[in-house]
$ cat start-v2.pdb   # PDB, C-alpha atoms and all ligand atoms
ATOM      1  CA  MET A  12      -6.010  -5.571 110.663
ATOM      2  CA  ASN A  13      -4.109  -7.764 113.093
ATOM      3  CA  GLY A  14      -1.651 -10.677 113.103
ATOM      4  CA  ASP A  15       1.723 -11.155 114.781
ATOM      5  CA  GLY A  16       2.193  -7.600 115.914
ATOM      6  CA  PRO A  17       0.788  -4.113 115.892
ATOM      7  CA  ARG A  18       0.509  -2.325 112.583
ATOM      8  CA  ASP A  19       3.801  -0.928 111.258
ATOM      9  CA  LYS A  20       5.829  -2.429 114.119
ATOM     10  CA  ALA A  21       6.972  -5.643 112.569
ATOM     11  CA  LEU A  22       8.259  -8.386 114.783
ATOM     12  CA  TRP A  23       9.960 -10.900 112.529
ATOM     13  CA  LEU A  24       9.652 -14.267 114.247
ATOM     14  CA  THR A  25      12.176 -17.017 113.744
ATOM     15  CA  ALA A  26      11.538 -20.734 114.239
ATOM     16  CA  PRO A  27       7.858 -20.655 113.329
ATOM     17  CA  SER A  28       5.608 -23.583 114.106
ATOM     18  CA  ASP A  29       4.000 -25.801 111.462
ATOM     19  CA  ALA A  30       1.119 -23.329 111.306
ATOM     20  CA  ALA A  31       3.522 -20.901 109.641
ATOM     21  CA  TRP A  32       3.197 -22.911 106.447
ATOM     22  CA  ARG A  33      -0.584 -22.662 106.143
ATOM     23  CA  LEU A  34      -2.327 -19.617 104.773
ATOM     24  CA  ALA A  35      -5.860 -18.940 105.926
ATOM     25  CA  PRO A  36      -8.057 -16.557 103.909
ATOM     26  CA  GLY A  37      -7.210 -12.972 104.724
ATOM     27  CA  GLN A  38      -3.768 -13.791 106.061
ATOM     28  CA  VAL A  39      -0.623 -12.286 104.610
ATOM     29  CA  HIS A  40       2.605 -14.022 105.509
ATOM     30  CA  LEU A  41       5.631 -11.793 105.184
ATOM     31  CA  TRP A  42       8.998 -13.482 105.127
ATOM     32  CA  ARG A  43      12.261 -11.631 105.447
ATOM     33  CA  ALA A  44      15.621 -13.062 104.410
ATOM     34  CA  SER A  45      19.174 -11.850 104.400
ATOM     35  CA  LEU A  46      20.852 -12.120 100.994
ATOM     36  CA  ASP A  47      24.276 -11.726 102.499
ATOM     37  CA  LEU A  48      25.804 -15.198 102.303
ATOM     38  CA  PRO A  49      29.380 -16.379 101.752
ATOM     39  CA  PRO A  50      29.979 -17.129  98.013
ATOM     40  CA  GLU A  51      30.504 -20.875  98.549
ATOM     41  CA  GLN A  52      27.143 -21.126 100.295
ATOM     42  CA  THR A  53      25.464 -19.181  97.487
ATOM     43  CA  ARG A  54      27.000 -21.487  94.890
ATOM     44  CA  ALA A  55      25.444 -24.462  96.655
ATOM     45  CA  LEU A  56      22.024 -22.805  96.390
ATOM     46  CA  THR A  57      22.031 -22.994  92.586
ATOM     47  CA  ARG A  58      20.875 -26.619  93.060
ATOM     48  CA  PHE A  59      17.399 -25.225  93.734
ATOM     49  CA  LEU A  60      17.233 -23.095  90.565
ATOM     50  CA  SER A  61      15.696 -24.078  87.255
ATOM     51  CA  PRO A  62      17.811 -23.933  84.071
ATOM     52  CA  ASP A  63      16.278 -20.573  83.055
ATOM     53  CA  GLU A  64      16.946 -19.125  86.516
ATOM     54  CA  ARG A  65      20.573 -20.285  86.360
ATOM     55  CA  GLU A  66      20.880 -18.723  82.934
ATOM     56  CA  ARG A  67      19.471 -15.470  84.274
ATOM     57  CA  ALA A  68      21.854 -15.583  87.246
ATOM     58  CA  ASN A  69      24.778 -16.045  84.877
ATOM     59  CA  ARG A  70      23.783 -12.962  82.908
ATOM     60  CA  PHE A  71      24.533 -10.702  85.902
ATOM     61  CA  VAL A  72      27.887  -9.069  85.292
ATOM     62  CA  VAL A  73      28.423  -8.059  88.913
ATOM     63  CA  ARG A  74      28.967 -11.066  91.162
ATOM     64  CA  SER A  75      27.178  -9.633  94.172
ATOM     65  CA  ALA A  76      24.052  -9.056  92.041
ATOM     66  CA  ARG A  77      24.212 -12.623  90.732
ATOM     67  CA  ASP A  78      24.641 -14.026  94.235
ATOM     68  CA  ARG A  79      21.765 -12.020  95.638
ATOM     69  CA  TYR A  80      19.471 -13.094  92.805
ATOM     70  CA  THR A  81      20.457 -16.735  93.359
ATOM     71  CA  THR A  82      19.886 -16.522  97.102
ATOM     72  CA  ALA A  83      16.582 -14.674  96.708
ATOM     73  CA  ARG A  84      15.260 -17.323  94.285
ATOM     74  CA  ALA A  85      16.503 -20.221  96.413
ATOM     75  CA  VAL A  86      14.775 -18.771  99.475
ATOM     76  CA  LEU A  87      11.586 -18.120  97.490
ATOM     77  CA  ARG A  88      11.537 -21.711  96.284
ATOM     78  CA  ASN A  89      12.208 -23.083  99.751
ATOM     79  CA  ILE A  90       9.458 -21.000 101.324
ATOM     80  CA  LEU A  91       6.835 -21.753  98.667
ATOM     81  CA  ALA A  92       7.768 -25.428  98.608
ATOM     82  CA  ARG A  93       6.730 -25.841 102.236
ATOM     83  CA  TYR A  94       3.334 -24.253 101.613
ATOM     84  CA  VAL A  95       2.579 -26.541  98.680
ATOM     85  CA  SER A  96       4.456 -29.624  99.984
ATOM     86  CA  GLU A  97       6.723 -29.999  96.983
ATOM     87  CA  ALA A  98      10.471 -30.101  96.498
ATOM     88  CA  PRO A  99      11.873 -26.574  96.025
ATOM     89  CA  ALA A 100      13.652 -27.430  92.778
ATOM     90  CA  GLU A 101      10.454 -28.947  91.338
ATOM     91  CA  LEU A 102       8.380 -25.773  91.549
ATOM     92  CA  ARG A 103       7.521 -24.162  88.271
ATOM     93  CA  PHE A 104       6.802 -20.486  87.780
ATOM     94  CA  GLY A 105       4.700 -18.797  85.156
ATOM     95  CA  TYR A 106       5.122 -15.126  84.242
ATOM     96  CA  ALA A 107       2.360 -12.657  83.516
ATOM     97  CA  GLU A 108       2.488 -10.059  80.748
ATOM     98  CA  HIS A 109       4.790  -7.651  82.587
ATOM     99  CA  GLY A 110       6.918 -10.278  84.245
ATOM    100  CA  LYS A 111       5.140 -10.921  87.566
ATOM    101  CA  PRO A 112       5.895 -14.510  88.575
ATOM    102  CA  HIS A 113       3.251 -16.903  89.882
ATOM    103  CA  LEU A 114       3.252 -20.536  90.888
ATOM    104  CA  ALA A 115       2.355 -22.736  87.933
ATOM    105  CA  HIS A 116       0.943 -25.336  90.292
ATOM    106  CA  PRO A 117      -2.503 -26.739  89.491
ATOM    107  CA  HIS A 118      -3.945 -26.919  92.996
ATOM    108  CA  THR A 119      -2.786 -23.855  94.809
ATOM    109  CA  SER A 120      -4.412 -20.529  95.558
ATOM    110  CA  ILE A 121      -1.148 -19.057  96.832
ATOM    111  CA  ARG A 122      -0.151 -15.712  95.401
ATOM    112  CA  PHE A 123       3.113 -14.070  96.205
ATOM    113  CA  ASN A 124       5.339 -11.139  95.491
ATOM    114  CA  VAL A 125       8.977 -10.482  96.185
ATOM    115  CA  SER A 126      11.146  -7.449  96.648
ATOM    116  CA  HIS A 127      14.855  -7.251  97.226
ATOM    117  CA  SER A 128      17.139  -4.343  97.881
ATOM    118  CA  HIS A 129      20.796  -4.383  98.870
ATOM    119  CA  ASP A 130      21.185  -7.527 100.999
ATOM    120  CA  LEU A 131      17.601  -8.049 102.078
ATOM    121  CA  ALA A 132      14.591  -9.751 100.497
ATOM    122  CA  VAL A 133      10.965  -9.643 101.598
ATOM    123  CA  TYR A 134       8.358 -12.123 100.361
ATOM    124  CA  ALA A 135       4.610 -11.588 100.742
ATOM    125  CA  LEU A 136       2.264 -14.570 100.431
ATOM    126  CA  THR A 137      -1.519 -14.586 100.357
ATOM    127  CA  SER A 138      -4.279 -16.958  99.504
ATOM    128  CA  ASP A 139      -6.107 -15.789  96.383
ATOM    129  CA  GLN A 140      -5.512 -12.055  96.757
ATOM    130  CA  SER A 141      -3.413  -9.767  94.637
ATOM    131  CA  VAL A 142      -0.370  -8.778  96.643
ATOM    132  CA  GLY A 143       2.606  -6.516  96.083
ATOM    133  CA  VAL A 144       5.554  -5.660  98.254
ATOM    134  CA  ASP A 145       8.408  -3.224  97.915
ATOM    135  CA  VAL A 146      11.479  -2.606 100.037
ATOM    136  CA  GLU A 147      14.225  -0.088  99.513
ATOM    137  CA  TYR A 148      17.612   0.220 101.140
ATOM    138  CA  LEU A 149      17.737   3.749 102.530
ATOM    139  CA  TYR A 150      21.350   4.391 101.569
ATOM    140  CA  ARG A 151      21.381   2.822  98.115
ATOM    141  CA  ARG A 152      22.164   5.952  96.231
ATOM    142  CA  LYS A 153      21.826   9.585  96.865
ATOM    143  CA  ILE A 154      19.206  10.986  94.551
ATOM    144  CA  VAL A 155      19.955  14.652  94.562
ATOM    145  CA  ASP A 156      16.714  16.080  93.313
ATOM    146  CA  ARG A 157      13.841  14.080  94.758
ATOM    147  CA  LEU A 158      11.403  16.851  93.985
ATOM    148  CA  ARG A 159      12.215  16.839  90.285
ATOM    149  CA  ILE A 160      11.623  13.091  90.117
ATOM    150  CA  ALA A 161       8.396  13.433  92.096
ATOM    151  CA  TYR A 162       7.254  16.225  89.760
ATOM    152  CA  ARG A 163       7.849  13.983  86.772
ATOM    153  CA  PHE A 164       6.376  10.702  88.062
ATOM    154  CA  PHE A 165       4.160  11.178  91.116
ATOM    155  CA  SER A 166       0.600  12.479  91.103
ATOM    156  CA  ASP A 167      -0.023  16.214  91.660
ATOM    157  CA  ARG A 168      -1.380  15.474  95.117
ATOM    158  CA  GLU A 169       1.728  13.524  96.121
ATOM    159  CA  TYR A 170       4.089  16.069  94.603
ATOM    160  CA  ASN A 171       2.368  18.950  96.371
ATOM    161  CA  THR A 172       2.520  17.123  99.718
ATOM    162  CA  LEU A 173       6.213  16.422  99.256
ATOM    163  CA  ALA A 174       6.995  19.967  98.114
ATOM    164  CA  ALA A 175       5.270  21.411 101.194
ATOM    165  CA  MET A 176       7.572  19.442 103.524
ATOM    166  CA  PRO A 177      10.774  20.899 104.916
ATOM    167  CA  PRO A 178      13.724  19.643 102.798
ATOM    168  CA  TYR A 179      15.209  17.536 105.612
ATOM    169  CA  ARG A 180      12.038  15.382 105.684
ATOM    170  CA  ARG A 181      11.798  14.861 101.934
ATOM    171  CA  ASP A 182      14.252  11.978 101.472
ATOM    172  CA  ARG A 183      12.344   9.590 103.667
ATOM    173  CA  ALA A 184       8.963  10.844 102.502
ATOM    174  CA  PHE A 185       9.976  10.334  98.888
ATOM    175  CA  LEU A 186      10.979   6.727  99.623
ATOM    176  CA  ALA A 187       7.828   6.091 101.649
ATOM    177  CA  CYS A 188       5.722   7.326  98.737
ATOM    178  CA  TRP A 189       7.841   5.386  96.247
ATOM    179  CA  THR A 190       7.616   2.038  98.081
ATOM    180  CA  ARG A 191       3.845   2.441  98.561
ATOM    181  CA  LYS A 192       3.395   3.156  94.862
ATOM    182  CA  GLU A 193       5.655   0.285  93.814
ATOM    183  CA  ALA A 194       3.922  -2.163  96.153
ATOM    184  CA  PHE A 195       0.640  -1.250  94.474
ATOM    185  CA  VAL A 196       1.834  -1.451  90.852
ATOM    186  CA  LYS A 197       3.494  -4.772  91.677
ATOM    187  CA  ALA A 198       0.279  -6.065  93.239
ATOM    188  CA  ILE A 199      -1.649  -5.326  90.044
ATOM    189  CA  GLY A 200       1.213  -6.895  88.066
ATOM    190  CA  GLN A 201       1.900  -3.860  85.915
ATOM    191  CA  GLY A 202       5.100  -2.755  87.600
ATOM    192  CA  LEU A 203       6.462   0.489  86.264
ATOM    193  CA  THR A 204       4.437   0.167  83.061
ATOM    194  CA  CYS A 205       1.573   1.623  85.131
ATOM    195  CA  PRO A 206       1.616   5.437  84.963
ATOM    196  CA  LEU A 207       2.473   6.438  88.521
ATOM    197  CA  ASP A 208       0.516   9.691  88.346
ATOM    198  CA  GLN A 209      -2.778   7.825  87.871
ATOM    199  CA  PHE A 210      -3.244   7.048  91.560
ATOM    200  CA  ASP A 211      -2.493   8.663  94.911
ATOM    201  CA  VAL A 212      -0.956   7.237  98.044
ATOM    202  CA  THR A 213      -0.091   8.873 101.336
ATOM    203  CA  VAL A 214       3.351  10.447 101.513
ATOM    204  CA  ASP A 215       4.136  11.011 105.205
ATOM    205  CA  PRO A 216       6.568   8.259 106.326
ATOM    206  CA  ASN A 217       5.390   8.643 109.918
ATOM    207  CA  GLY A 218       1.739   8.251 109.010
ATOM    208  CA  PRO A 219      -0.224   5.255 107.752
ATOM    209  CA  ALA A 220       0.304   3.958 104.245
ATOM    210  CA  GLU A 221      -2.879   4.234 102.235
ATOM    211  CA  LEU A 222      -4.078   3.974  98.675
ATOM    212  CA  LEU A 223      -6.173   7.126  98.512
ATOM    213  CA  ALA A 224      -7.616   7.143  95.007
ATOM    214  CA  THR A 225      -7.151   5.887  91.485
ATOM    215  CA  ARG A 226      -8.047   7.882  88.398
ATOM    216  CA  TRP A 227      -9.665   4.909  86.672
ATOM    217  CA  ASP A 228     -12.347   4.020  89.227
ATOM    218  CA  VAL A 229     -13.580   6.068  92.182
ATOM    219  CA  TYR A 230     -14.341   2.978  94.257
ATOM    220  CA  TYR A 231     -11.260   0.939  93.380
ATOM    221  CA  ALA A 232      -9.036   2.188  96.221
ATOM    222  CA  GLN A 233     -11.616   1.072  98.794
ATOM    223  CA  ARG A 234     -10.892  -2.565  97.963
ATOM    224  CA  TRP A 235      -7.272  -2.319  99.047
ATOM    225  CA  THR A 236      -5.205  -2.459 102.191
ATOM    226  CA  MET A 237      -1.877  -0.715 102.091
ATOM    227  CA  THR A 238       0.475  -0.769 105.029
ATOM    228  CA  ASN A 239       3.988   0.269 105.964
ATOM    229  CA  ILE A 240       6.290  -2.579 106.734
ATOM    230  CA  ASP A 241       9.424  -2.255 108.788
ATOM    231  CA  PRO A 242      12.021  -4.541 107.196
ATOM    232  CA  GLY A 243      14.861  -3.420 109.495
ATOM    233  CA  PRO A 244      16.884  -0.362 110.485
ATOM    234  CA  ASP A 245      18.326   0.582 107.058
ATOM    235  CA  TYR A 246      15.244  -0.214 105.000
ATOM    236  CA  ILE A 247      11.795   1.089 104.294
ATOM    237  CA  GLY A 248       8.942  -0.951 102.891
ATOM    238  CA  ALA A 249       5.281  -1.170 101.977
ATOM    239  CA  LEU A 250       2.698  -3.811 101.213
ATOM    240  CA  ALA A 251      -0.470  -3.669  99.096
ATOM    241  CA  VAL A 252      -3.196  -6.325  99.198
ATOM    242  CA  GLU A 253      -6.519  -6.393  97.370
ATOM    243  CA  ASN A 254      -8.590  -7.079 100.449
ATOM    244  CA  ARG A 255      -9.849  -4.764 103.176
ATOM    245  CA  ASP A 256      -9.529  -7.207 106.019
ATOM    246  CA  VAL A 257      -6.040  -8.649 106.319
ATOM    247  CA  ARG A 258      -3.944 -10.158 109.078
ATOM    248  CA  LEU A 259      -0.191  -9.860 108.833
ATOM    249  CA  PHE A 260       2.305 -12.438 110.057
ATOM    250  CA  PHE A 261       6.018 -11.650 110.068
ATOM    251  CA  ARG A 262       8.533 -14.453 109.668
ATOM    252  CA  GLN A 263      12.311 -14.441 109.524
ATOM    253  CA  TRP A 264      13.867 -16.938 107.110
ATOM    254  CA  ASP A 265      16.811 -18.724 108.650
ATOM    255  CA  HIS A 266      19.331 -20.111 106.144
ATOM    256  CA  GLY A 267      19.522 -23.278 108.270
ATOM    257  CA  GLN A 268      16.014 -24.026 106.925
ATOM    258  CA  PHE A 269      17.173 -24.832 103.372
ATOM    259  CA  GLU A 270      16.187 -28.352 102.399
TER     260      GLU A 270
HETATM  261  C1  LIG B 301       8.528  -5.102  88.875
HETATM  262  C2  LIG B 301       9.435  -3.910  88.997
HETATM  263  C3  LIG B 301       8.612  -2.741  89.510
HETATM  264  C4  LIG B 301      10.563  -4.321  89.962
HETATM  265  O1  LIG B 301      11.133  -3.252  90.596
HETATM  266  P1  LIG B 301      12.467  -3.271  91.497
HETATM  267  O2  LIG B 301      12.284  -2.282  92.577
HETATM  268  O3  LIG B 301      13.626  -3.134  90.596
HETATM  269  O4  LIG B 301      12.621  -4.717  92.107
HETATM  270  P2  LIG B 301      11.983  -5.452  93.364
HETATM  271  O5  LIG B 301      13.115  -6.129  94.018
HETATM  272  O6  LIG B 301      11.094  -4.616  94.200
HETATM  273  O7  LIG B 301      11.045  -6.553  92.664
HETATM  274  C5  LIG B 301      11.605  -7.538  91.850
HETATM  275  C6  LIG B 301      10.714  -8.750  91.872
HETATM  276  O8  LIG B 301       9.383  -8.384  91.515
HETATM  277  C7  LIG B 301       8.785  -9.476  90.811
HETATM  278  N1  LIG B 301       8.259  -8.911  89.560
HETATM  279  C8  LIG B 301       8.815  -8.856  88.332
HETATM  280  N2  LIG B 301       7.960  -8.246  87.475
HETATM  281  C9  LIG B 301       6.861  -7.913  88.189
HETATM  282  C10 LIG B 301       5.628  -7.262  87.871
HETATM  283  N3  LIG B 301       5.348  -6.833  86.640
HETATM  284  N4  LIG B 301       4.719  -7.092  88.868
HETATM  285  C11 LIG B 301       4.985  -7.515  90.120
HETATM  286  N5  LIG B 301       6.127  -8.133  90.475
HETATM  287  C12 LIG B 301       7.049  -8.329  89.525
HETATM  288  C13 LIG B 301       9.843 -10.528  90.611
HETATM  289  O9  LIG B 301       9.663 -11.528  91.588
HETATM  290  C14 LIG B 301      11.124  -9.784  90.879
HETATM  291  O10 LIG B 301      12.089 -10.614  91.477
HETATM  292  P3  LIG B 301      13.294 -11.200  90.595
HETATM  293  O11 LIG B 301      13.965 -10.019  89.988
HETATM  294  O12 LIG B 301      14.135 -11.902  91.592
HETATM  295  O13 LIG B 301      12.675 -12.076  89.589
HETATM  296  C15 LIG B 301      10.054  -3.509  87.626
HETATM  297  O14 LIG B 301      10.990  -4.478  87.234
HETATM  298  C16 LIG B 301       8.990  -3.413  86.548
HETATM  299  O15 LIG B 301       8.311  -2.415  86.451
HETATM  300  N6  LIG B 301       8.806  -4.421  85.696
HETATM  301  C17 LIG B 301       7.727  -4.459  84.733
HETATM  302  C18 LIG B 301       8.160  -3.779  83.457
HETATM  303  C19 LIG B 301       8.162  -4.688  82.324
HETATM  304  O16 LIG B 301       7.178  -4.871  81.644
HETATM  305  N7  LIG B 301       9.345  -5.295  82.068
HETATM  306  C20 LIG B 301       9.491  -6.236  81.000
HETATM  307  C21 LIG B 301       9.722  -7.647  81.552
HETATM  308  S1  LIG B 301       8.532  -8.761  80.886
END
$ encode --input "start-v2.pdb" --output "structure tokens" --more "lines below"
Ligand SMILES: CC(C)(COP(=O)(O)OP(=O)(O)OC[C@H]1O[C@@H](n2cnc3c(N)ncnc32)[C@H](O)[C@@H]1OP(=O)(O)O)[C@@H](O)C(=O)NCCC(=O)NCCS
Amino acid sequence: MNGDGPRDKALWLTAPSDAAWRLAPGQVHLWRASLDLPPEQTRALTRFLSPDERERANRFVVRSARDRYTTARAVLRNILARYVSEAPAELRFGYAEHGKPHLAHPHTSIRFNVSHSHDLAVYALTSDQSVGVDVEYLYRRKIVDRLRIAYRFFSDREYNTLAAMPPYRRDRAFLACWTRKEAFVKAIGQGLTCPLDQFDVTVDPNGPAELLATRWDVYYAQRWTMTNIDPGPDYIGALAVENRDVRLFFRQWDHGQFE
């Protein structure tokens, strides 16, 4: 695997060239965006949203959640629009059985996935490969008993690895395992409807991310690349792509790029 930078040491480039908007086979373009915008700027971004997206935004009771959703969708539309040469507000999305969005555009092979946490969003784009991404803000909430949650939801192998770690290492290891698992279940479109104990990932946050095995097919895991991504100092993240040979490119969305 190669691309913009060495594995796990993301360098998020601003001001990309025109080549940034073309996806070659095997490439994964990761875009990072801040969701922290002044309210008046966020309000202006609703011009990019479809009526159903505006309706969804209005259902958020907490304003910050509504604003972050609006910004995340506006950025998504602006990024995708450049790849498919359309106006951001004209893009149409379809939704798979468990809610995974895709571009309802007749002539595109672009697949994407999005994750947002706190005031950051990460977008992963590929050409024709299943892709999933997950980021978590490290200080979102203090989950007191990580081990109990791992016992309930993770596989035996993951739980045992976590339990064998000294307690001071468990918080980060739990989140590393969690983001790797979520990236995978988002890539296959099942989200949390997929039983999380039916596959194993690596747990050590300082080691490589890897899909080790799935219960449903002994060869299935071999088709996948999983990697840590470094979204920034207060975040942890992971990416899953159904392809062994991938090249990663890291891009920073600049809000001056809105159409
Ligand atoms: C997908 C899921 C794991 C998201 O987890 P999360 O950590 O809260 O949120 P993230 O920020 O990482 O990801 C959210 C994004 O994932 C995408 N997404 C939604 N459903 C998805 C799915 N089934 N698979 C992959 N991606 C999905 C969307 O782009 C969403 O962004 P949006 O909220 O701005 O529309 C969780 O919502 C889930 O399990 N959903 C499926 C369960 C289901 O069937 N729900 C019924 C809705 S039809």
$ axis_aligned_box --input "start-v2.pdb" --around "stretch 201-218 of chain A" --padding-each-side "8 Å" --output "AutoDock Vina command-line options"
--center_x 1.7 --center_y 3.6 --center_z 96.5 --size_x 25.8 --size_y 30.9 --size_z 42.9
$ atom_distance --input "start-v2.pdb" --atom1 "atom CA of A:Glu97" --atom2 "atom CA of A:Trp264"
18.0 Å
$ closest_residue --input "start-v2.pdb" --among "A:Phe269, A:Phe195, A:Asp130, A:Ser120" --to "A:Ala85" --atoms "only C-alpha atoms"
A:Phe269
$ atom_distance --input "start-v2.pdb" --atom1 "atom S1 of ligand LIG 301 (chain B)" --atom2 "atom CA of A:Asp156"
29.0 Å
$ resolve_selection --input "start-v2.pdb" --expression "the PyMOL selection byres (((chain A and resi 107) around 12) and not hetatm)" --output "PyMOL selection string"
chain A and resi 104-106+108-115+197-202
$ write_last_selection --input "start-v2.pdb" --atoms "C-alpha atoms" --output "tab-separated table (two decimals), in the coordinates of the input"
chain	number	residue	atom	x	y	z
A	104	PHE	CA	6.80	-20.49	87.78
A	105	GLY	CA	4.70	-18.80	85.16
A	106	TYR	CA	5.12	-15.13	84.24
A	108	GLU	CA	2.49	-10.06	80.75
A	109	HIS	CA	4.79	-7.65	82.59
A	110	GLY	CA	6.92	-10.28	84.24
A	111	LYS	CA	5.14	-10.92	87.57
A	112	PRO	CA	5.90	-14.51	88.58
A	113	HIS	CA	3.25	-16.90	89.88
A	114	LEU	CA	3.25	-20.54	90.89
A	115	ALA	CA	2.36	-22.74	87.93
A	197	LYS	CA	3.49	-4.77	91.68
A	198	ALA	CA	0.28	-6.06	93.24
A	199	ILE	CA	-1.65	-5.33	90.04
A	200	GLY	CA	1.21	-6.90	88.07
A	201	GLN	CA	1.90	-3.86	85.92
A	202	GLY	CA	5.10	-2.76	87.60
$ residues_around --input "start-v2.pdb" --residues "A:Asn217" --least-positions-apart "5" --cutoff "10 Å" --atoms "all atoms listed in the file" --output "list in words"
Asp19, Arg183, Ala184, Ala187 and Asn239 of chain A
$ atom_distance --input "start-v2.pdb" --atom1 "atom CA of A:Ser138" --atom2 "atom CA of A:Ala251"
13.8 Å
$ closest_residue --input "start-v2.pdb" --among "A:Tyr170, A:Tyr80, A:Phe164, A:Trp23" --to "ligand LIG 301 (chain B)" --atoms "only C-alpha atoms and all ligand atoms"
A:Tyr80
$ residues_around --input "start-v2.pdb" --residues "A:Thr172" --least-positions-apart "5" --cutoff "9 Å" --atoms "only C-alpha atoms" --output "list in words"
Asp167, Thr213, Val214 and Asp215 of chain A
$ resolve_selection --input "start-v2.pdb" --expression "the PyMOL selection byres (((chain A and resi 81) around 9) and not hetatm)" --output "PyMOL selection string"
chain A and resi 46+53-54+56-57+60+64-65+68+76-80+82-86
$ write_last_selection --input "start-v2.pdb" --atoms "C-alpha atoms" --output "PDB file, in the frame of the given file"
ATOM      1  CA  LEU A  46      20.852 -12.120 100.994  1.00  0.00           C
ATOM      2  CA  THR A  53      25.464 -19.181  97.487  1.00  0.00           C
ATOM      3  CA  ARG A  54      27.000 -21.487  94.890  1.00  0.00           C
ATOM      4  CA  LEU A  56      22.024 -22.805  96.390  1.00  0.00           C
ATOM      5  CA  THR A  57      22.031 -22.994  92.586  1.00  0.00           C
ATOM      6  CA  LEU A  60      17.233 -23.095  90.565  1.00  0.00           C
ATOM      7  CA  GLU A  64      16.946 -19.125  86.516  1.00  0.00           C
ATOM      8  CA  ARG A  65      20.573 -20.285  86.360  1.00  0.00           C
ATOM      9  CA  ALA A  68      21.854 -15.583  87.246  1.00  0.00           C
ATOM     10  CA  ALA A  76      24.052  -9.056  92.041  1.00  0.00           C
ATOM     11  CA  ARG A  77      24.212 -12.623  90.732  1.00  0.00           C
ATOM     12  CA  ASP A  78      24.641 -14.026  94.235  1.00  0.00           C
ATOM     13  CA  ARG A  79      21.765 -12.020  95.638  1.00  0.00           C
ATOM     14  CA  TYR A  80      19.471 -13.094  92.805  1.00  0.00           C
ATOM     15  CA  THR A  82      19.886 -16.522  97.102  1.00  0.00           C
ATOM     16  CA  ALA A  83      16.582 -14.674  96.708  1.00  0.00           C
ATOM     17  CA  ARG A  84      15.260 -17.323  94.285  1.00  0.00           C
ATOM     18  CA  ALA A  85      16.503 -20.221  96.413  1.00  0.00           C
ATOM     19  CA  VAL A  86      14.775 -18.771  99.475  1.00  0.00           C
TER      20      VAL A  86
END
$ closest_residue --input "start-v2.pdb" --among "A:Ser128, A:Ser96, A:Gln140, A:Gln209" --to "ligand LIG 301 (chain B)" --atoms "all atoms listed in the file"
A:Ser128
$ resolve_selection --input "start-v2.pdb" --expression "the PyMOL selection byres (((chain A and resi 265) around 8) and not hetatm)" --output "JSON, numbers by chain"
{"A": [25, 26, 44, 263, 264, 266, 267, 268]}
$ closest_residue --input "start-v2.pdb" --among "A:Leu149, A:Val133, A:Leu259, A:Val229" --to "ligand LIG 301 (chain B)" --atoms "only C-alpha atoms and all ligand atoms"
A:Val133
$ residues_around --input "start-v2.pdb" --residues "A:Ala135" --least-positions-apart "5" --cutoff "8 Å" --atoms "all atoms listed in the file" --output "list in words"
Val39, His40, Leu41, Trp42, Phe123, Asn124, Val125, Val142, Gly143 and Val144 of chain A
$ closest_residue --input "start-v2.pdb" --among "A:Leu222, A:Val146, A:Ala249, A:Ala174" --to "ligand LIG 301 (chain B)" --atoms "all atoms listed in the file"
A:Val146
$ closest_residue --input "start-v2.pdb" --among "A:Tyr150, A:Phe71, A:Tyr162, A:Trp227" --to "ligand LIG 301 (chain B)" --atoms "only C-alpha atoms and all ligand atoms"
A:Phe71
